[in-house]
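Peer 1: Have a peek at protein_20.csv (CSV, C-alpha atoms).
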```
chain,number,residue,atom,x,y,z
A,108,MET,CA,-9.1,0.0,-28.3
A,109,PRO,CA,-9.9,0.8,-24.6
A,110,LEU,CA,-13.2,2.6,-24.1
A,111,THR,CA,-11.5,5.6,-22.4
A,112,ARG,CA,-9.7,6.3,-25.7
A,113,ARG,CA,-12.8,6.3,-27.8
A,114,ILE,CA,-15.0,8.7,-25.9
A,115,SER,CA,-14.8,12.5,-25.6
A,116,PRO,CA,-13.4,14.2,-22.5
A,117,MET,CA,-16.8,15.4,-21.5
A,118,ALA,CA,-18.4,12.0,-21.9
A,119,ARG,CA,-15.5,10.5,-20.0
A,120,THR,CA,-16.1,12.9,-17.1
A,121,LEU,CA,-19.8,12.0,-17.0
A,122,LEU,CA,-18.9,8.3,-17.1
A,123,ALA,CA,-16.4,8.7,-14.2
A,124,GLY,CA,-19.1,10.4,-12.2
A,125,SER,CA,-21.4,7.5,-12.7
A,126,VAL,CA,-18.7,5.1,-11.6
A,127,LEU,CA,-18.1,7.2,-8.5
A,128,ALA,CA,-21.9,7.1,-7.7
A,129,LEU,CA,-21.9,3.3,-8.1
A,130,VAL,CA,-19.0,3.0,-5.7
A,131,ALA,CA,-20.1,5.6,-3.2
A,132,THR,CA,-23.7,4.5,-2.8
A,133,PRO,CA,-23.0,0.9,-1.5
A,134,ILE,CA,-20.1,2.1,0.6
A,135,LEU,CA,-22.1,4.8,2.4
A,136,ALA,CA,-25.8,4.0,2.3
A,137,GLN,CA,-28.2,6.9,1.8
A,138,ARG,CA,-29.4,8.5,5.0
A,139,GLN,CA,-32.2,11.0,5.4
A,140,GLY,CA,-30.8,14.4,5.9
A,141,SER,CA,-27.3,13.4,5.1
A,142,GLY,CA,-25.0,15.5,2.9
A,143,ASN,CA,-23.6,15.0,-0.6
A,144,ARG,CA,-21.8,11.8,-1.6
A,145,PRO,CA,-18.1,11.7,-0.8
A,146,SER,CA,-15.7,13.2,-3.3
A,147,ARG,CA,-13.9,11.0,-5.8
A,148,GLU,CA,-10.7,11.4,-3.7
A,149,CYS,CA,-12.5,10.4,-0.5
A,150,VAL,CA,-14.0,7.3,-2.1
A,151,ARG,CA,-10.5,6.2,-3.1
A,152,GLU,CA,-9.3,6.7,0.4
A,153,ILE,CA,-12.3,4.6,1.7
A,154,VAL,CA,-11.7,1.8,-0.7
A,155,GLN,CA,-8.0,1.8,0.2
A,156,LEU,CA,-8.7,1.7,3.9
A,157,CYS,CA,-11.7,-0.7,4.0
A,158,GLY,CA,-11.9,-2.6,0.8
A,159,ARG,CA,-15.2,-3.0,-1.2
A,160,ASP,CA,-17.0,-5.6,0.9
A,161,ARG,CA,-20.3,-3.9,1.8
A,162,SER,CA,-20.6,-6.1,4.9
A,163,GLN,CA,-17.3,-4.7,6.2
A,164,VAL,CA,-17.0,-1.1,5.0
A,165,ARG,CA,-19.5,0.6,7.4
A,166,ALA,CA,-18.0,-1.1,10.5
A,167,CYS,CA,-14.5,-0.3,9.3
A,168,LEU,CA,-15.3,3.3,8.8
A,169,ALA,CA,-17.1,3.6,12.2
A,170,GLU,CA,-13.9,2.3,13.9
A,171,GLN,CA,-11.1,3.6,11.6
A,172,VAL,CA,-12.5,6.9,10.2
A,173,GLN,CA,-9.6,8.8,11.8
A,174,ALA,CA,-7.3,7.1,9.4
A,175,LEU,CA,-8.7,9.1,6.5
A,176,SER,CA,-7.7,12.6,5.7
A,177,GLU,CA,-9.4,15.3,7.7
A,178,LYS,CA,-11.5,16.5,4.7
A,179,CYS,CA,-12.6,12.9,4.0
A,180,GLN,CA,-13.3,12.3,7.7
A,181,ASN,CA,-15.7,15.2,7.7
A,182,GLN,CA,-17.5,13.9,4.6
A,183,VAL,CA,-17.8,10.4,6.0
A,184,ARG,CA,-19.0,11.5,9.5
A,185,LYS,CA,-21.6,13.8,7.9
A,186,ARG,CA,-22.8,11.0,5.6
A,187,MET,CA,-23.0,8.3,8.3
A,188,GLY,CA,-24.3,10.6,11.0
A,189,ILE,CA,-21.5,9.7,13.4
A,190,SER,CA,-19.3,11.9,15.6
A,191,GLU,CA,-16.4,11.4,18.0
A,192,ALA,CA,-18.8,11.8,20.9
A,193,ASP,CA,-21.2,9.0,20.1
A,194,ARG,CA,-18.6,6.4,18.9
A,195,PRO,CA,-18.4,3.5,21.4
A,196,GLU,CA,-15.0,3.0,23.1
A,197,ARG,CA,-12.7,0.8,21.0
A,198,ARG,CA,-9.0,0.0,20.9
A,199,PRO,CA,-7.5,3.3,19.6
A,200,PHE,CA,-6.4,3.4,16.0
A,201,VAL,CA,-3.2,5.3,16.7
A,202,PRO,CA,-0.3,3.0,17.6
A,203,VAL,CA,1.1,3.1,21.1
A,204,THR,CA,4.5,3.9,19.7
A,205,ARG,CA,5.2,7.2,18.0
A,206,PRO,CA,7.9,7.9,15.4
A,207,THR,CA,11.2,8.5,17.2
A,208,ARG,CA,12.8,10.4,14.3
A,209,SER,CA,12.1,11.7,10.8
A,210,VAL,CA,14.5,11.2,7.9
A,211,SER,CA,14.3,13.5,4.9
A,212,TYR,CA,15.5,12.3,1.5
A,213,GLY,CA,14.3,15.2,-0.7
A,214,SER,CA,12.9,18.7,-0.6
A,215,HIS,CA,9.2,17.7,-1.1
A,216,GLN,CA,7.2,17.3,2.1
A,217,ARG,CA,6.3,13.7,1.1
A,218,GLN,CA,10.0,12.8,0.7
A,219,SER,CA,10.4,11.8,4.3
A,220,ILE,CA,10.5,8.7,6.4
A,221,ASP,CA,9.1,8.1,9.9
A,222,VAL,CA,11.3,5.8,11.9
A,223,TYR,CA,10.1,3.8,14.9
A,224,GLU,CA,12.9,2.5,17.1
A,225,PRO,CA,12.5,-0.5,19.3
A,226,GLU,CA,13.1,0.2,23.0
A,227,GLY,CA,16.1,-1.1,24.8
A,228,VAL,CA,18.0,-2.3,21.8
A,229,VAL,CA,21.8,-2.2,22.0
A,230,GLU,CA,23.0,-4.0,19.0
A,231,ALA,CA,22.1,-2.9,15.4
A,232,GLN,CA,18.9,-4.7,14.5
A,233,PRO,CA,17.2,-5.2,11.1
A,234,LEU,CA,14.7,-2.8,9.7
A,235,VAL,CA,11.3,-3.1,7.9
A,236,LEU,CA,10.5,-0.3,5.5
A,237,PHE,CA,6.8,0.1,4.7
A,238,VAL,CA,5.5,1.6,1.5
A,239,HIS,CA,1.8,2.6,1.7
A,240,GLY,CA,-0.8,2.0,-1.0
A,241,GLY,CA,-3.4,4.2,-2.5
A,242,GLY,CA,-3.5,3.7,-6.2
A,243,TRP,CA,-0.3,5.7,-6.7
A,244,ARG,CA,-2.6,8.8,-6.1
A,245,VAL,CA,-3.5,8.9,-2.4
A,246,GLY,CA,-2.3,7.5,0.9
A,247,SER,CA,0.1,8.5,3.7
A,248,LYS,CA,3.1,7.2,5.6
A,249,ASP,CA,1.2,7.9,8.8
A,250,ARG,CA,-1.2,5.0,8.4
A,251,VAL,CA,0.8,2.3,10.0
A,252,GLN,CA,-1.8,1.0,12.5
A,253,PHE,CA,-0.2,-1.5,14.9
A,254,LYS,CA,2.8,-2.4,12.8
A,255,PRO,CA,5.4,-0.3,14.6
A,256,GLN,CA,4.5,-1.7,18.0
A,257,HIS,CA,4.3,-5.3,16.7
A,258,PHE,CA,7.7,-5.3,15.0
A,259,GLY,CA,9.3,-3.2,17.8
A,260,ASP,CA,8.3,-5.9,20.3
A,261,GLN,CA,10.6,-8.2,18.2
A,262,ASP,CA,13.5,-5.7,18.3
A,263,ILE,CA,12.9,-4.8,14.6
A,264,TYR,CA,13.1,-1.2,13.5
A,265,PHE,CA,10.1,-0.1,11.6
A,266,ALA,CA,10.0,2.8,9.1
A,267,SER,CA,7.3,4.1,6.9
A,268,THR,CA,8.2,6.2,3.9
A,269,GLY,CA,6.2,8.8,2.1
A,270,TYR,CA,6.6,9.4,-1.7
A,271,ARG,CA,5.2,11.9,-4.2
A,272,LEU,CA,1.9,11.0,-5.8
A,273,LEU,CA,-0.1,11.2,-9.0
A,274,PRO,CA,-1.0,13.3,-10.9
A,275,ASP,CA,2.1,15.5,-10.1
A,276,THR,CA,4.6,12.7,-10.0
A,277,PRO,CA,4.7,9.7,-12.4
A,278,VAL,CA,5.1,6.2,-11.2
A,279,GLU,CA,8.7,6.1,-12.4
A,280,ASP,CA,9.6,8.9,-10.0
A,281,GLN,CA,7.6,7.3,-7.2
A,282,ALA,CA,9.9,4.3,-7.5
A,283,LYS,CA,12.9,6.6,-7.5
A,284,ASP,CA,11.5,8.1,-4.2
A,285,ILE,CA,11.4,4.6,-2.7
A,286,GLY,CA,14.9,3.9,-3.9
A,287,LEU,CA,16.1,7.2,-2.4
A,288,ALA,CA,14.4,6.3,0.9
A,289,VAL,CA,16.4,3.0,1.0
A,290,GLN,CA,19.6,4.9,0.3
A,291,ALA,CA,18.9,7.4,3.0
A,292,LEU,CA,18.2,4.7,5.6
A,293,VAL,CA,21.4,2.9,4.6
A,294,GLY,CA,23.4,6.1,4.8
A,295,GLN,CA,22.1,7.1,8.2
A,296,ALA,CA,22.1,3.7,9.8
A,297,SER,CA,24.9,4.6,12.2
A,298,VAL,CA,22.8,7.5,13.5
A,299,ILE,CA,19.5,5.7,13.6
A,300,GLY,CA,21.0,2.5,15.1
A,301,HIS,CA,19.7,-0.2,12.7
A,302,ASP,CA,21.7,-2.6,10.6
A,303,PRO,CA,22.4,-1.1,7.2
A,304,ALA,CA,22.8,-4.4,5.6
A,305,ARG,CA,19.4,-6.0,6.7
A,306,ILE,CA,16.4,-4.2,5.3
A,307,VAL,CA,13.1,-5.7,4.2
A,308,LEU,CA,10.7,-3.8,2.0
A,309,MET,CA,7.0,-4.2,2.8
A,310,GLY,CA,4.3,-2.7,0.5
A,311,HIS,CA,0.6,-2.8,0.4
A,312,SER,CA,-1.5,-2.5,-2.9
A,313,ALA,CA,0.2,0.1,-5.1
A,314,GLY,CA,3.0,0.1,-2.5
A,315,ALA,CA,3.5,-3.6,-3.1
A,316,HIS,CA,4.1,-2.8,-6.8
A,317,LEU,CA,6.6,-0.1,-6.0
A,318,ALA,CA,8.4,-2.3,-3.5
A,319,ALA,CA,8.6,-5.1,-6.0
A,320,LEU,CA,9.8,-2.8,-8.7
A,321,VAL,CA,12.6,-1.3,-6.5
A,322,ALA,CA,13.6,-4.9,-5.4
A,323,THR,CA,13.9,-6.2,-9.0
A,324,ASP,CA,15.4,-3.2,-10.8
A,325,PRO,CA,18.6,-1.9,-9.1
A,326,GLN,CA,18.5,1.5,-10.9
A,327,TYR,CA,16.2,2.9,-8.2
A,328,ALA,CA,18.1,2.0,-5.0
A,329,GLY,CA,21.6,2.2,-6.6
A,330,ASP,CA,24.5,1.2,-4.3
A,331,ALA,CA,22.0,0.5,-1.5
A,332,PHE,CA,20.2,-2.3,-3.5
A,333,GLY,CA,22.2,-5.0,-1.7
A,334,ALA,CA,20.8,-4.0,1.6
A,335,ILE,CA,17.4,-5.2,0.5
A,336,LYS,CA,17.4,-8.8,1.9
A,337,GLY,CA,13.7,-9.5,1.5
A,338,VAL,CA,10.3,-8.2,0.3
A,339,VAL,CA,6.8,-8.6,1.8
A,340,LEU,CA,4.0,-7.8,-0.6
A,341,LEU,CA,0.4,-7.3,0.7
A,342,ASP,CA,-2.3,-8.0,-1.8
A,343,GLY,CA,-0.6,-6.3,-4.7
A,344,ALA,CA,-1.7,-6.9,-8.3
A,345,GLY,CA,0.6,-4.7,-10.4
A,346,TYR,CA,3.6,-7.0,-11.0
A,347,ASP,CA,2.8,-7.4,-14.7
A,348,VAL,CA,1.1,-4.1,-15.7
A,349,ALA,CA,-0.1,-5.1,-19.2
A,350,GLN,CA,-1.5,-8.4,-17.9
A,351,ASN,CA,-3.2,-6.7,-15.0
A,352,ILE,CA,-4.9,-4.1,-17.3
A,353,GLU,CA,-6.1,-7.0,-19.6
A,354,ASP,CA,-7.5,-8.9,-16.6
A,355,ALA,CA,-9.0,-6.1,-14.6
A,356,ASN,CA,-12.6,-5.0,-14.4
A,357,TYR,CA,-13.5,-1.6,-15.8
A,358,ARG,CA,-12.8,0.3,-12.6
A,359,GLY,CA,-9.5,-1.4,-12.0
A,360,ARG,CA,-8.5,-0.9,-15.6
A,361,ARG,CA,-9.1,2.9,-15.3
A,362,VAL,CA,-6.9,3.0,-12.2
A,363,TYR,CA,-4.0,1.3,-14.0
A,364,GLU,CA,-4.5,3.3,-17.2
A,365,GLU,CA,-4.4,6.6,-15.2
A,366,ALA,CA,-1.2,5.4,-13.5
A,367,PHE,CA,0.6,3.8,-16.4
A,368,GLY,CA,-0.9,5.2,-19.5
A,369,PHE,CA,-1.2,3.2,-22.8
A,370,ASP,CA,2.4,2.8,-23.9
A,371,ALA,CA,3.4,-0.9,-24.0
A,372,GLU,CA,7.1,-0.2,-23.5
A,373,ARG,CA,6.3,1.9,-20.4
A,374,HIS,CA,4.1,-1.0,-19.1
A,375,LYS,CA,7.0,-3.3,-19.6
A,376,ALA,CA,9.6,-1.1,-17.9
A,377,LEU,CA,7.4,-0.6,-14.9
A,378,SER,CA,6.5,-4.2,-14.4
A,379,PRO,CA,8.6,-6.0,-11.8
A,380,VAL,CA,8.3,-9.3,-13.8
A,381,THR,CA,10.3,-7.7,-16.6
A,382,HIS,CA,13.4,-7.3,-14.4
A,383,ILE,CA,13.4,-10.8,-12.9
A,384,GLY,CA,16.7,-12.6,-13.4
A,385,GLY,CA,19.0,-9.7,-12.5
A,386,PRO,CA,20.3,-9.0,-9.0
A,387,ASP,CA,16.8,-9.5,-7.5
A,388,ALA,CA,16.3,-9.3,-3.7
A,389,PRO,CA,16.9,-12.9,-2.5
A,390,ASN,CA,13.7,-13.5,-0.4
A,391,TRP,CA,10.0,-12.8,-1.2
A,392,LEU,CA,6.7,-13.3,0.4
A,393,ALA,CA,3.6,-12.3,-1.5
A,394,LEU,CA,0.3,-12.5,0.5
A,395,TYR,CA,-3.0,-12.1,-1.2
A,396,ASP,CA,-6.7,-12.2,-0.3
A,397,GLU,CA,-7.8,-15.7,-1.3
A,398,THR,CA,-11.0,-14.3,-2.8
A,399,ARG,CA,-9.2,-11.8,-5.1
A,400,ALA,CA,-8.4,-13.7,-8.3
A,401,ILE,CA,-6.4,-11.0,-9.9
A,402,ALA,CA,-4.1,-10.7,-6.9
A,403,LYS,CA,-3.6,-14.5,-6.8
A,404,LYS,CA,-2.7,-14.6,-10.4
A,405,GLN,CA,-0.2,-11.7,-10.2
A,406,ALA,CA,1.4,-13.0,-6.9
A,407,GLU,CA,1.9,-16.4,-8.4
A,408,LEU,CA,3.2,-15.0,-11.7
A,409,LEU,CA,5.8,-13.0,-9.8
A,410,THR,CA,6.9,-15.6,-7.3
A,411,THR,CA,7.1,-18.4,-9.9
A,412,GLY,CA,9.4,-16.2,-12.0
A,413,LEU,CA,11.6,-15.3,-9.0
A,414,GLY,CA,11.8,-18.9,-7.9
A,415,ASP,CA,12.8,-20.0,-11.4
A,416,THR,CA,15.8,-17.6,-11.3
A,417,GLY,CA,17.1,-18.5,-7.8
A,418,SER,CA,15.2,-16.3,-5.3
A,419,ALA,CA,13.3,-17.8,-2.4
A,420,ALA,CA,9.7,-16.7,-3.2
A,421,GLU,CA,6.3,-17.8,-2.0
A,422,ALA,CA,2.8,-16.7,-2.7
A,423,VAL,CA,0.4,-17.3,0.2
A,424,ALA,CA,-3.4,-17.0,0.3
A,425,ILE,CA,-4.9,-15.4,3.4
A,426,ALA,CA,-8.5,-16.3,4.3
A,427,ASP,CA,-11.1,-14.2,6.0
A,428,THR,CA,-9.7,-10.9,5.0
A,429,ASP,CA,-10.0,-8.3,2.3
A,430,HIS,CA,-7.8,-5.8,0.5
A,431,GLY,CA,-7.8,-3.2,3.3
A,432,ARG,CA,-7.8,-5.6,6.3
A,433,MET,CA,-4.8,-7.5,4.9
A,434,ASN,CA,-2.7,-4.4,5.8
A,435,ARG,CA,-4.4,-2.7,8.7
A,436,GLU,CA,-4.8,-5.9,10.8
A,437,ILE,CA,-1.2,-6.8,10.9
A,438,GLY,CA,-0.1,-7.2,14.5
A,439,THR,CA,-3.7,-7.7,15.8
A,440,PRO,CA,-5.6,-10.9,16.7
A,441,GLU,CA,-7.9,-10.3,13.7
A,442,GLY,CA,-4.9,-10.4,11.4
A,443,ALA,CA,-3.3,-13.5,12.9
A,444,ALA,CA,-2.9,-15.3,9.6
A,445,GLN,CA,-0.9,-12.6,7.8
A,446,THR,CA,0.9,-11.6,10.9
A,447,GLN,CA,2.2,-15.2,11.5
A,448,ALA,CA,3.2,-15.6,7.9
A,449,ILE,CA,5.2,-12.3,8.0
A,450,ASP,CA,6.8,-13.1,11.3
A,451,ALA,CA,8.0,-16.5,10.1
A,452,PHE,CA,9.3,-14.9,7.0
A,453,LEU,CA,11.2,-12.2,8.8
A,454,ALA,CA,12.7,-14.8,11.2
A,455,ARG,CA,14.1,-16.7,8.3
A,456,VAL,CA,15.5,-13.6,6.5
A,457,PHE,CA,16.9,-12.0,9.6
A,458,GLU,CA,18.4,-15.0,11.3
```
Please express the file's structure as structure tokens.
Peer 2:
Amino acid sequence: MPLTRRISPMARTLLAGSVLALVATPILAQRQGSGNRPSRECVREIVQLCGRDRSQVRACLAEQVQALSEKCQNQVRKRMGISEADRPERRPFVPVTRPTRSVSYGSHQRQSIDVYEPEGVVEAQPLVLFVHGGGWRVGSKDRVQFKPQHFGDQDIYFASTGYRLLPDTPVEDQAKDIGLAVQALVGQASVIGHDPARIVLMGHSAGAHLAALVATDPQYAGDAFGAIKGVVLLDGAGYDVAQNIEDANYRGRRVYEEAFGFDAERHKALSPVTHIGGPDAPNWLALYDETRAIAKKQAELLTTGLGDTGSAAEAVAIADTDHGRMNREIGTPEGAAQTQAIDAFLARVFE
């Protein structure tokens, strides 16, 4: 029986605080006169953005702190003793391109899509729909880094969708949100200008799980499912939920148990591998940090199953990266390996 089911709620709270301290301390080293440790939510944002490599996190935060929520930014700057004024000049985090339109697919503020249209395009071109990560609990569609500009330069429409988050919205409904986003983009293609029949889903971390689930289980995208011609997964590890919980370390197990609970049937229903063999998306690329064993195992498990049932699917290791950099360095020289793999994949899918 998992530890979290044997201890009292009070003990569980104390234990969670200890885990937070263990994570927060190496990420943001103690400084004389600095404030309190970042909140639990802020630590999750930091790990999502920068990964857990202590040699990379501080430099990442110094350069990319503006990618965090405003509340978390304030905590980080206070902790690290940095300000906008004394940061050295670097390439700006905000992409050169801005969203050209917003598409709503529901009444909640997170149920909307930012669309970035390539300049000077006359014919309907394909579209990449990005699903952000954040442990199903945090994250934002705004954090697209240099992806819109990179894909726009190739005459590819880029869109980034929001979706409702835990604890208010269960994972099942998050997948429904992604499916509704696909339906909205297909339905409004004539207004936006992209090709409604050529969409590739791209997801990072928890977003990779949601993208894979929507692209293997047609109940979510409904009549728009056939528009999904390919899927790009960025260092995800949730394709077999039960196996992932079994293999994960304590902290990773807690994240998955918070998201998926303890019911085996629910684990099965929310695992993309369960649905392989139906009308799956035809093309798959699963990239993973070569040092992250659990991501490698899950990517290979998914792509092997897809390949055995007729989809073109490949798992590719990316060196010299980490969980956060895998996503945020797409379209930059530092992310050449994953960028080249994605570009080659899209060229095949969209030819």
Peer 1: Check the smallest atom-to-atom distance from each of A:Ala319, A:Val338, A:Met187, A:Glu441 to Arg144 in chain A using all atoms listed in the file, then report the winner.
Peer 2: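 When distances to Arg144 in chain A are compared using all atoms listed in the file, the smallest one comes from A:Met187.
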Peer 1: Need the neighbours of (-3.4, 10.0, -7.9): which residues are at most 8 Å away, counting all atoms listed in the file, as a list in words?
Peer 2: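 Residues lying no farther than 8 Å from the given point: Gly241, Gly242, Trp243, Arg244, Val245, Leu272, Leu273, Pro274 and Ala366 of chain A.
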Peer 1: Go ahead and compute the interatomic distance for CA of Gly333 in chain A and CA of Leu292 in chain A, in Å to one decimal.
Peer 2: 12.8 Å
Peer 1: Taking into account only C-alpha atoms, which residue in the set A:Gly240, A:Pro277, A:Gly412, A:Pro325 is nearest to Ala388 in chain A?
Peer 2: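 Ranking A:Gly240, A:Pro277, A:Gly412, A:Pro325 by distance to Ala388 in chain A, first place goes to A:Pro325.
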Peer 1: List the neighbours of Ser297 in chain A out to 9 Å using only C-alpha atoms; skip same-chain residues closer than 5 positions along the sequence, and give me the result as a PyMOL selection string.
Peer 2: chain A and resi 231+302-303
Peer 1: From the list A:Leu168, A:Leu392, A:Leu236, A:Ile285, which residue is nearest Ser418 in chain A when using all atoms listed in the file?
Peer 2: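 Result for the nearest residue to Ser418 in chain A: A:Leu392.
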Peer 1: Of the candidates A:Tyr395, A:Tyr264, A:Tyr327, A:Tyr270, which shows the shortest atom-to-atom distance to Lys283 in chain A, using only C-alpha atoms?
Peer 2: A:Tyr327
Peer 1: Go through range 288-376 of chain A and flag each residue having an atom no more than 10 Å from range 419-435 of chain A; for those, report the closest pair of atoms plus their distance in Å to one decimal, using all atoms listed in the file, ordered by chain and rising number, as a tab-separated table.
Peer 2:
```
residue	atom	partner	partner_atom	distance
A:Gly310	CA	A:Asn434	CA	8.9
A:His311	CA	A:Asn434	CA	6.5
A:Ser312	CA	A:His430	CA	7.9
A:Gly337	CA	A:Ala419	CA	9.2
A:Val338	CA	A:Ala420	CA	9.2
A:Val339	CA	A:Ala420	CA	10.0
A:Leu340	CA	A:Ala422	CA	9.2
A:Leu341	CA	A:Asn434	CA	6.6
A:Asp342	CA	A:His430	CA	6.4
A:Gly343	CA	A:His430	CA	8.9
```
Peer 1: At what distance in Å, to one decimal, does CA of Pro145 in chain A lie from CA of Gln182 in chain A?
Peer 2: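 We find that CA of Gln182 in chain A and CA of Pro145 in chain A lie 5.9 Å from each other.
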Peer 1: Give the centre and edge lengths of an axis-aligned box, in Å to one decimal, that holds all listed atoms of range 235-253 of chain A with 3 Å on each side, as AutoDock Vina command-line options.
Peer 2:
```
--center_x 3.9 --center_y 2.9 --center_z 4.1 --size_x 20.8 --size_y 18.0 --size_z 27.6
```
Peer 1: Using all atoms listed in the file, which of the listed residues (A:Pro379, A:Gly329, A:Pro386, A:Pro225) sits closest to His257 in chain A?
Peer 2: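 The closest residue to His257 in chain A is A:Pro225.
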Peer 1: In terms of the shortest atom-to-atom distance over all atoms listed in the file, which of A:Val210, A:Ala451, A:Ala315, A:Val298 is closest to Thr268 in chain A?
Peer 2: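 Answer, going by the shortest atom-to-atom distance: A:Val210.
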Peer 1: Calculate how many Å separate CA of Gly314 in chain A from CA of Ser267 in chain A, rounding to one decimal.
Peer 2: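 Those two atoms sit 11.1 Å apart.
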Peer 1: With a distance cut-off of 8 Å and all atoms listed in the file, select the neighbouring residues of Lys248 in chain A, excluding the residue or stretch itself and same-chain residues fewer than 4 positions from it, and output the selection as JSON, numbers by chain.
Peer 2: {"A": [220, 221, 238, 239, 267, 268, 269]}
Peer 1: Using only C-alpha atoms, which residues sit within 12 Å of Gln447 in chain A once same-chain residues fewer than 3 positions away are excluded, as a ChimeraX atom specification?
Peer 2: /A:257-258,394,423,425,436-444,450-454
